[in-house]
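Below: one structure, written as structure tokens.
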Amino acid sequence: MKKFLLTLTIAAAFQSLSAQEITLDKIYSGYYRGKGIAGITSMKNGENYLVIEQGGIAKYSYKTSQKEGNIVDGNFESYEFSDDESKILLLKESQPIYRHSFLGTFDVKDLKSGKTISLNNGKPVQEPRFSPDATKVAFIVDNNIFYQDVNSGKITQVTENGVKNKVLNGLADWVYEEEFGHARLYEWTKNSNAIIFVESVEEDVPEIYIPIYGKTLYPSEMRYKYPKAGEKNSVVSAHIYLLDSGKKTKVNLNNFKNYYIPNVIQTAKADEIVLITSERTQNASDILKVNTKTGDVKKLFTETDEKWIDTDNVTLEFLEDNSFLWGSERDGNRHLYWYDQEGKLKKQVTKGNWEVTDYYGYNPKSKEIYVQTTEKGSINKVVSKVNIENGKTQLISNAEGNNSANFSKNYNYFIETSSTAAKPYTFVLKDGNGKVVKELQNNDAQLQKLKTDNFVEKEFITIPNEAGDQMNAWIIKPKNFDKNKKYPLFMFQYSGPGSQQVANSWDNGNGIWFEMLAQKGYIVACVDGRGTGYKGAKFKKVTYMNLGKYEIEDQITAAKWFGNQSYIDKSRIGIFGWSFGGYMASLAMTKGADVFKTGIAVAPVTNWRYYDSVYTERFLRTPQENPDGYDKNSPTEYANLLKGKFLLIHGTADDNVHFQNSMEFSEALIQNKKQFEFMAYPDKNHGIYGGQTRPQLYQKMTDFILENL
């Protein structure tokens, strides 16, 4: 009995001890996993909203916040209503392709009759979309567009020339999808009489091939078109398809910018579509109105910038009278501008030393638009309503943290999703003026588990750089921090154009791992230097034509600043980053070798010549125009400077930042007789996940830090 009691006492002590610390086992077991609300959609009546739950799509009342039953039973990954809410498109199963694209099997359910039909006879499709009159669903199969009559089930083929790696219809190629942010390049007209689509001929685009090892005797290959900087891109054109006649007409864009066609947008007018087009330089975009009856094209206006336009972040919203709101950085911050339907500027709607980060909608009754902004500081995102005529603004969300909103159709209610760096996500139902109706869900249990395991809140500070800017930063100190001791510093960053890592928001990703490292005696910090977002166009675009130069200067400056603090051991500073952040970590360990002792670079770009055309040329132009911008900011050029302990990590099947980048850098290090560690993940893409991959990866990185910093 005594032995048994002793065993229990030891076990209890062990459990108590383990309960006081964050571990990788806990992180990857889901112990700290938070809760969310999936698939929030407001119904047209403005009184109900839907969410995806286990067993069906549930209908809730805004007024009572009570569930009123399921509108559809079953388990679905996502759903989409027809405009009149008479039918619903249900995603039953999906298979990812690239970042946004996927193959999916879908059902269409008539909510009035209860009848359900399978889209494309149950075979997988891409990018399905209801016609506005809810009688048809368009979709893509094998790079061709089809539409299906949802009453008769009849399928009509719109295009016939789609061929893999040669011609795509209505579907983005790899680089469009990755860098313009969406896979669908077609749209219905408001009257459902026409489909306007982009045809992409990628036959002459260079092809990348990636070996897939698997468990076969001979590896297979993944081949796809990938235009690297300065290489040929798809030749794109816009076409009109008229349903009544089956006639296809090419839109004449010869008098306009037409190298890229990133956006096809439905307007409020029956026979009209807007195309947003751009030249290769991406510093000017034409906003073009196309009459689908006549094929006539009219330029509404041209948006220009001395450096670049964020062609991947377009805000163009048409109001009921076909006037429209347009997002632009033309005054130095991203704000909304109101144009009439002919493209004449009516007024600038929002203004101030802050930015509009999202647009939610317009209430014609109150003449108010609803937006997310940084008006309470660049590390916060808040929700406001703005009177479109007099500019009067009212904050309706929390004043701090990361707040977003999902509004009812009549704007009488919204569900606020909010978090701070110290508090996980909460979901709160509010009225249209921001008054709390009811908290729907919180993550207090998640936070309590972390606090029990000695969670430490981030501190937000600013750090000066050599240009006189105040850079946003956060810092995590050990729980038992002693200002008289010296601690090793582990820095994390991403640093890519327009990005943000220093935000007053909850981090369910690396954030908990950073807490674990702090418990092991490290100070963890992150700094957003020049080139990052939400601090105005000047701060973001200073890196133009010299991507990487100012960003690494700012990380080195920040590391030196930390090294001068009494509590930091300047001889023990490390840095970590993934993708663009891996590129920066590679530069830090070479150009910043005198400052950084240890570095981990995951899936890094090591020369921008190897990265895709749309992203890279937006910031650097082509290698033919700007060779120094590419080579003088490449870590391979400084491989001879490596001094510290360096871990390089890459997935062999990375379709985004190719394995070639790390091979090239490795060769440069080898030829300079530099010792480093390298970890390749077989058949893993840019995210490096699947099975036990992530736990093994983070254990590898943790061990490397503990041994070398």
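So you can find residues: chains in the structure tokens are A, B, ... in the order shown, residues in each start at 1, and ligands are numbered from 1 in order.
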
message: For the structure I just gave you, how does DSSP split region 327-442 of chain A - specifically, which residues are strand (DSSP E or B)? Reply as a ChimeraX atom specification.
response: /A:327-328,335-339,345-348,356-363,368-373,381-387,393-395,402-407,413-420,423-431,436-441

Counting only C-alpha atoms, what are the residues of region 552-662 of chain A within 12 Å of region 88-100 of chain A, and for each of them which pair of atoms is the nearest and at what distance in Å, to one decimal? Sort the table by chain and rising number, as CSV.
```
residue,atom,partner,partner_atom,distance
A:Ala653,CA,A:Tyr98,CA,11.9
A:Asp654,CA,A:Tyr98,CA,10.5
A:Asp655,CA,A:Tyr98,CA,8.1
A:Asn656,CA,A:Tyr98,CA,9.0
```

task: Choose the residue, out of A:Lys136, A:Lys535, A:Lys307, A:Lys367, that has the smallest atom-to-atom separation from Leu243 (chain A); count only C-alpha atoms.
output: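 Looking at the shortest contact to Leu243 (chain A), the residue is A:Lys136.
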
Within 7 Å of Leu647 (chain A), counting only C-alpha atoms, which residues qualify if same-chain residues fewer than 5 places away don't, as an mmCIF file with N, CA and C atoms, in the first residue's frame?
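What ended up in part.cif:
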```cif
data_model
loop_
_atom_site.group_PDB
_atom_site.id
_atom_site.type_symbol
_atom_site.label_atom_id
_atom_site.label_comp_id
_atom_site.auth_asym_id
_atom_site.auth_seq_id
_atom_site.Cartn_x
_atom_site.Cartn_y
_atom_site.Cartn_z
ATOM 1 N N GLY A 599 20.466 30.709 -36.908
ATOM 2 C CA GLY A 599 19.341 31.014 -37.776
ATOM 3 C C GLY A 599 18.675 29.772 -38.324
ATOM 4 N N ILE A 600 17.353 29.869 -38.515
ATOM 5 C CA ILE A 600 16.577 28.795 -39.142
ATOM 6 C C ILE A 600 15.801 29.410 -40.302
ATOM 7 N N ALA A 601 16.022 28.898 -41.501
ATOM 8 C CA ALA A 601 15.309 29.371 -42.692
ATOM 9 C C ALA A 601 14.483 28.218 -43.245
ATOM 10 N N PHE A 676 26.732 23.698 -42.365
ATOM 11 C CA PHE A 676 25.361 24.042 -41.996
ATOM 12 C C PHE A 676 24.549 22.766 -41.939
ATOM 13 N N GLU A 677 23.372 22.848 -41.352
ATOM 14 C CA GLU A 677 22.469 21.701 -41.309
ATOM 15 C C GLU A 677 21.364 21.876 -42.336
ATOM 16 N N PHE A 678 20.949 20.750 -42.905
ATOM 17 C CA PHE A 678 19.900 20.803 -43.917
ATOM 18 C C PHE A 678 18.889 19.696 -43.658
#
```

message: So that I can check the surroundings of Val274 (chain A), please list as a list in words every protein, DNA and RNA residue that reaches within 9 Å of it, counting only C-alpha atoms and ignoring chain neighbours fewer than 3 positions away.
response: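 Near Val274 (chain A), the qualifying residues are Asn263, Val264, Ile265, Gln266, Thr267, Ile287, Leu288, Lys289, Val290 and Asn291 of chain A.
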
Can I get the selected residues back with N, CA, C and O atoms, as a PDB file, in the first residue's frame?
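Produced file again-v5.pdb, reproduced below:
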```pdb
ATOM      1  N   ASN A 263      -9.198  40.495 -62.707  1.00  0.00           N
ATOM      2  CA  ASN A 263     -10.525  40.530 -62.087  1.00  0.00           C
ATOM      3  C   ASN A 263     -11.642  40.648 -63.114  1.00  0.00           C
ATOM      4  O   ASN A 263     -11.552  41.444 -64.057  1.00  0.00           O
ATOM      5  N   VAL A 264     -12.694  39.859 -62.920  1.00  0.00           N
ATOM      6  CA  VAL A 264     -13.939  39.935 -63.688  1.00  0.00           C
ATOM      7  C   VAL A 264     -15.044  40.147 -62.658  1.00  0.00           C
ATOM      8  O   VAL A 264     -15.284  39.286 -61.815  1.00  0.00           O
ATOM      9  N   ILE A 265     -15.724  41.314 -62.717  1.00  0.00           N
ATOM     10  CA  ILE A 265     -16.618  41.721 -61.627  1.00  0.00           C
ATOM     11  C   ILE A 265     -18.008  42.070 -62.162  1.00  0.00           C
ATOM     12  O   ILE A 265     -18.155  42.836 -63.116  1.00  0.00           O
ATOM     13  N   GLN A 266     -19.028  41.517 -61.514  1.00  0.00           N
ATOM     14  CA  GLN A 266     -20.422  41.807 -61.868  1.00  0.00           C
ATOM     15  C   GLN A 266     -20.807  43.192 -61.357  1.00  0.00           C
ATOM     16  O   GLN A 266     -20.470  43.558 -60.230  1.00  0.00           O
ATOM     17  N   THR A 267     -21.495  43.963 -62.161  1.00  0.00           N
ATOM     18  CA  THR A 267     -21.991  45.267 -61.726  1.00  0.00           C
ATOM     19  C   THR A 267     -23.479  45.146 -61.381  1.00  0.00           C
ATOM     20  O   THR A 267     -24.059  44.065 -61.440  1.00  0.00           O
ATOM     21  N   ILE A 287      -9.744  50.256 -65.312  1.00  0.00           N
ATOM     22  CA  ILE A 287     -11.034  49.721 -64.868  1.00  0.00           C
ATOM     23  C   ILE A 287     -11.973  49.895 -66.051  1.00  0.00           C
ATOM     24  O   ILE A 287     -12.317  51.028 -66.434  1.00  0.00           O
ATOM     25  N   LEU A 288     -12.370  48.783 -66.665  1.00  0.00           N
ATOM     26  CA  LEU A 288     -13.061  48.788 -67.952  1.00  0.00           C
ATOM     27  C   LEU A 288     -14.482  48.250 -67.812  1.00  0.00           C
ATOM     28  O   LEU A 288     -14.703  47.193 -67.219  1.00  0.00           O
ATOM     29  N   LYS A 289     -15.421  48.978 -68.379  1.00  0.00           N
ATOM     30  CA  LYS A 289     -16.824  48.558 -68.385  1.00  0.00           C
ATOM     31  C   LYS A 289     -17.146  47.943 -69.744  1.00  0.00           C
ATOM     32  O   LYS A 289     -16.944  48.571 -70.784  1.00  0.00           O
ATOM     33  N   VAL A 290     -17.641  46.703 -69.737  1.00  0.00           N
ATOM     34  CA  VAL A 290     -17.934  45.977 -70.971  1.00  0.00           C
ATOM     35  C   VAL A 290     -19.442  45.793 -71.110  1.00  0.00           C
ATOM     36  O   VAL A 290     -20.100  45.268 -70.206  1.00  0.00           O
ATOM     37  N   ASN A 291     -19.990  46.245 -72.227  1.00  0.00           N
ATOM     38  CA  ASN A 291     -21.392  46.009 -72.549  1.00  0.00           C
ATOM     39  C   ASN A 291     -21.491  44.634 -73.196  1.00  0.00           C
ATOM     40  O   ASN A 291     -20.954  44.409 -74.285  1.00  0.00           O
TER      41      ASN A 291
END
```

field: Neighbour list for region 564-568 of chain A as a PyMOL selection string, cut-off 10 Å, only C-alpha atoms, skip fewer than 5 positions in-chain
entry: chain A and resi 481-489+522-523+558-559+573

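All residues of protein, DNA or RNA that reach within 10 Å of Ala639 (chain A), judged by only C-alpha atoms and not counting those fewer than 5 positions away in the chain, are Ser586, Leu587, Met589, Thr590, Lys591, Ser634, Phe665, Ser666, Glu667, Ala668, Leu669, Ile670, Gln671, Asn672, Lys673 and Lys674 of chain A.
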
Once you count only C-alpha atoms, what closest atom pair and distance in Å to one decimal does each residue of region 355-392 of chain A within 12 Å of region 420-424 of chain A have, with rows by chain and rising residue number, as a tab-separated table?
```
residue	atom	partner	partner_atom	distance
A:Ile379	CA	A:Thr420	CA	10.1
A:Asn380	CA	A:Thr420	CA	8.7
A:Lys381	CA	A:Thr420	CA	10.1
A:Val382	CA	A:Thr420	CA	11.6
```

Export, as a compact mmCIF listing (two decimals), in the first residue's frame, the selected residues with C-alpha atoms.
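Saved as part08.txt:
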```
# COMPACT_ATOMS: atom_id res chain seq x y z
CA ILE A 379 -1.49 47.00 -34.69
CA ASN A 380 -5.28 47.08 -34.16
CA LYS A 381 -8.16 46.48 -36.56
CA VAL A 382 -11.57 47.90 -35.68
```

- request: Return as a list of chain:residue names the full set of residues in region 142-353 of chain A whose backbone-based DSSP assignment is helix (DSSP H, G or I).
  value: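 Of region 142-353 of chain A, the ones in helix (DSSP H, G or I) are A:Trp174, A:Val175, A:Tyr176, A:Glu177, A:Glu178, A:Glu179, A:Phe180.
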
Could those residues be written to a file, using all heavy atoms, as a PDB file, in the first residue's frame?
```pdb
ATOM      1  N   TRP A 174      -1.489  28.943 -62.439  1.00  0.00           N
ATOM      2  CA  TRP A 174      -0.858  28.864 -61.115  1.00  0.00           C
ATOM      3  C   TRP A 174      -0.518  30.246 -60.574  1.00  0.00           C
ATOM      4  O   TRP A 174      -0.818  30.576 -59.428  1.00  0.00           O
ATOM      5  CB  TRP A 174       0.411  27.992 -61.159  1.00  0.00           C
ATOM      6  CG  TRP A 174       0.966  27.772 -59.789  1.00  0.00           C
ATOM      7  CD1 TRP A 174       0.727  26.712 -58.976  1.00  0.00           C
ATOM      8  CD2 TRP A 174       1.789  28.675 -59.029  1.00  0.00           C
ATOM      9  NE1 TRP A 174       1.354  26.881 -57.758  1.00  0.00           N
ATOM     10  CE2 TRP A 174       2.018  28.077 -57.769  1.00  0.00           C
ATOM     11  CE3 TRP A 174       2.362  29.911 -59.284  1.00  0.00           C
ATOM     12  CZ2 TRP A 174       2.799  28.682 -56.771  1.00  0.00           C
ATOM     13  CZ3 TRP A 174       3.134  30.529 -58.295  1.00  0.00           C
ATOM     14  CH2 TRP A 174       3.353  29.921 -57.056  1.00  0.00           C
ATOM     15  N   VAL A 175       0.118  31.066 -61.378  1.00  0.00           N
ATOM     16  CA  VAL A 175       0.615  32.346 -60.862  1.00  0.00           C
ATOM     17  C   VAL A 175      -0.522  33.335 -60.621  1.00  0.00           C
ATOM     18  O   VAL A 175      -0.487  34.115 -59.667  1.00  0.00           O
ATOM     19  CB  VAL A 175       1.704  32.931 -61.790  1.00  0.00           C
ATOM     20  CG1 VAL A 175       1.120  33.492 -63.093  1.00  0.00           C
ATOM     21  CG2 VAL A 175       2.508  34.005 -61.071  1.00  0.00           C
ATOM     22  N   TYR A 176      -1.566  33.308 -61.447  1.00  0.00           N
ATOM     23  CA  TYR A 176      -2.730  34.158 -61.197  1.00  0.00           C
ATOM     24  C   TYR A 176      -3.370  33.785 -59.855  1.00  0.00           C
ATOM     25  O   TYR A 176      -3.698  34.649 -59.038  1.00  0.00           O
ATOM     26  CB  TYR A 176      -3.768  33.982 -62.309  1.00  0.00           C
ATOM     27  CG  TYR A 176      -3.715  35.013 -63.413  1.00  0.00           C
ATOM     28  CD1 TYR A 176      -2.574  35.151 -64.203  1.00  0.00           C
ATOM     29  CD2 TYR A 176      -4.798  35.829 -63.690  1.00  0.00           C
ATOM     30  CE1 TYR A 176      -2.536  36.081 -65.234  1.00  0.00           C
ATOM     31  CE2 TYR A 176      -4.771  36.754 -64.712  1.00  0.00           C
ATOM     32  CZ  TYR A 176      -3.643  36.880 -65.488  1.00  0.00           C
ATOM     33  OH  TYR A 176      -3.611  37.808 -66.505  1.00  0.00           O
ATOM     34  N   GLU A 177      -3.570  32.480 -59.673  1.00  0.00           N
ATOM     35  CA  GLU A 177      -4.209  32.016 -58.441  1.00  0.00           C
ATOM     36  C   GLU A 177      -3.393  32.412 -57.214  1.00  0.00           C
ATOM     37  O   GLU A 177      -3.931  32.909 -56.225  1.00  0.00           O
ATOM     38  CB  GLU A 177      -4.381  30.506 -58.488  1.00  0.00           C
ATOM     39  CG  GLU A 177      -4.935  29.918 -57.208  1.00  0.00           C
ATOM     40  CD  GLU A 177      -5.084  28.418 -57.249  1.00  0.00           C
ATOM     41  OE1 GLU A 177      -5.223  27.858 -58.357  1.00  0.00           O
ATOM     42  OE2 GLU A 177      -5.062  27.801 -56.176  1.00  0.00           O
ATOM     43  N   GLU A 178      -2.092  32.189 -57.268  1.00  0.00           N
ATOM     44  CA  GLU A 178      -1.223  32.449 -56.129  1.00  0.00           C
ATOM     45  C   GLU A 178      -1.107  33.929 -55.822  1.00  0.00           C
ATOM     46  O   GLU A 178      -1.156  34.345 -54.658  1.00  0.00           O
ATOM     47  CB  GLU A 178       0.171  31.862 -56.396  1.00  0.00           C
ATOM     48  CG  GLU A 178       1.190  32.124 -55.310  1.00  0.00           C
ATOM     49  CD  GLU A 178       0.917  31.394 -54.003  1.00  0.00           C
ATOM     50  OE1 GLU A 178       0.212  30.376 -54.023  1.00  0.00           O
ATOM     51  OE2 GLU A 178       1.414  31.858 -52.954  1.00  0.00           O
ATOM     52  N   GLU A 179      -0.958  34.754 -56.855  1.00  0.00           N
ATOM     53  CA  GLU A 179      -0.609  36.154 -56.622  1.00  0.00           C
ATOM     54  C   GLU A 179      -1.749  37.153 -56.795  1.00  0.00           C
ATOM     55  O   GLU A 179      -1.661  38.268 -56.298  1.00  0.00           O
ATOM     56  CB  GLU A 179       0.574  36.557 -57.516  1.00  0.00           C
ATOM     57  CG  GLU A 179       1.794  35.650 -57.375  1.00  0.00           C
ATOM     58  CD  GLU A 179       2.329  35.532 -55.951  1.00  0.00           C
ATOM     59  OE1 GLU A 179       1.837  36.246 -55.061  1.00  0.00           O
ATOM     60  OE2 GLU A 179       3.234  34.719 -55.725  1.00  0.00           O
ATOM     61  N   PHE A 180      -2.804  36.783 -57.494  1.00  0.00           N
ATOM     62  CA  PHE A 180      -3.982  37.656 -57.548  1.00  0.00           C
ATOM     63  C   PHE A 180      -5.051  37.197 -56.562  1.00  0.00           C
ATOM     64  O   PHE A 180      -6.053  37.871 -56.361  1.00  0.00           O
ATOM     65  CB  PHE A 180      -4.548  37.735 -58.964  1.00  0.00           C
ATOM     66  CG  PHE A 180      -3.627  38.422 -59.944  1.00  0.00           C
ATOM     67  CD1 PHE A 180      -3.380  37.865 -61.189  1.00  0.00           C
ATOM     68  CD2 PHE A 180      -2.990  39.602 -59.606  1.00  0.00           C
ATOM     69  CE1 PHE A 180      -2.533  38.487 -62.084  1.00  0.00           C
ATOM     70  CE2 PHE A 180      -2.134  40.235 -60.509  1.00  0.00           C
ATOM     71  CZ  PHE A 180      -1.904  39.669 -61.746  1.00  0.00           C
TER      72      PHE A 180
END
```

message: So the first atom is CA of Asn353 (chain A) and the second is CA of Gly531 (chain A); what is the distance between them in Å, to one decimal place?
response: 17.3 Å
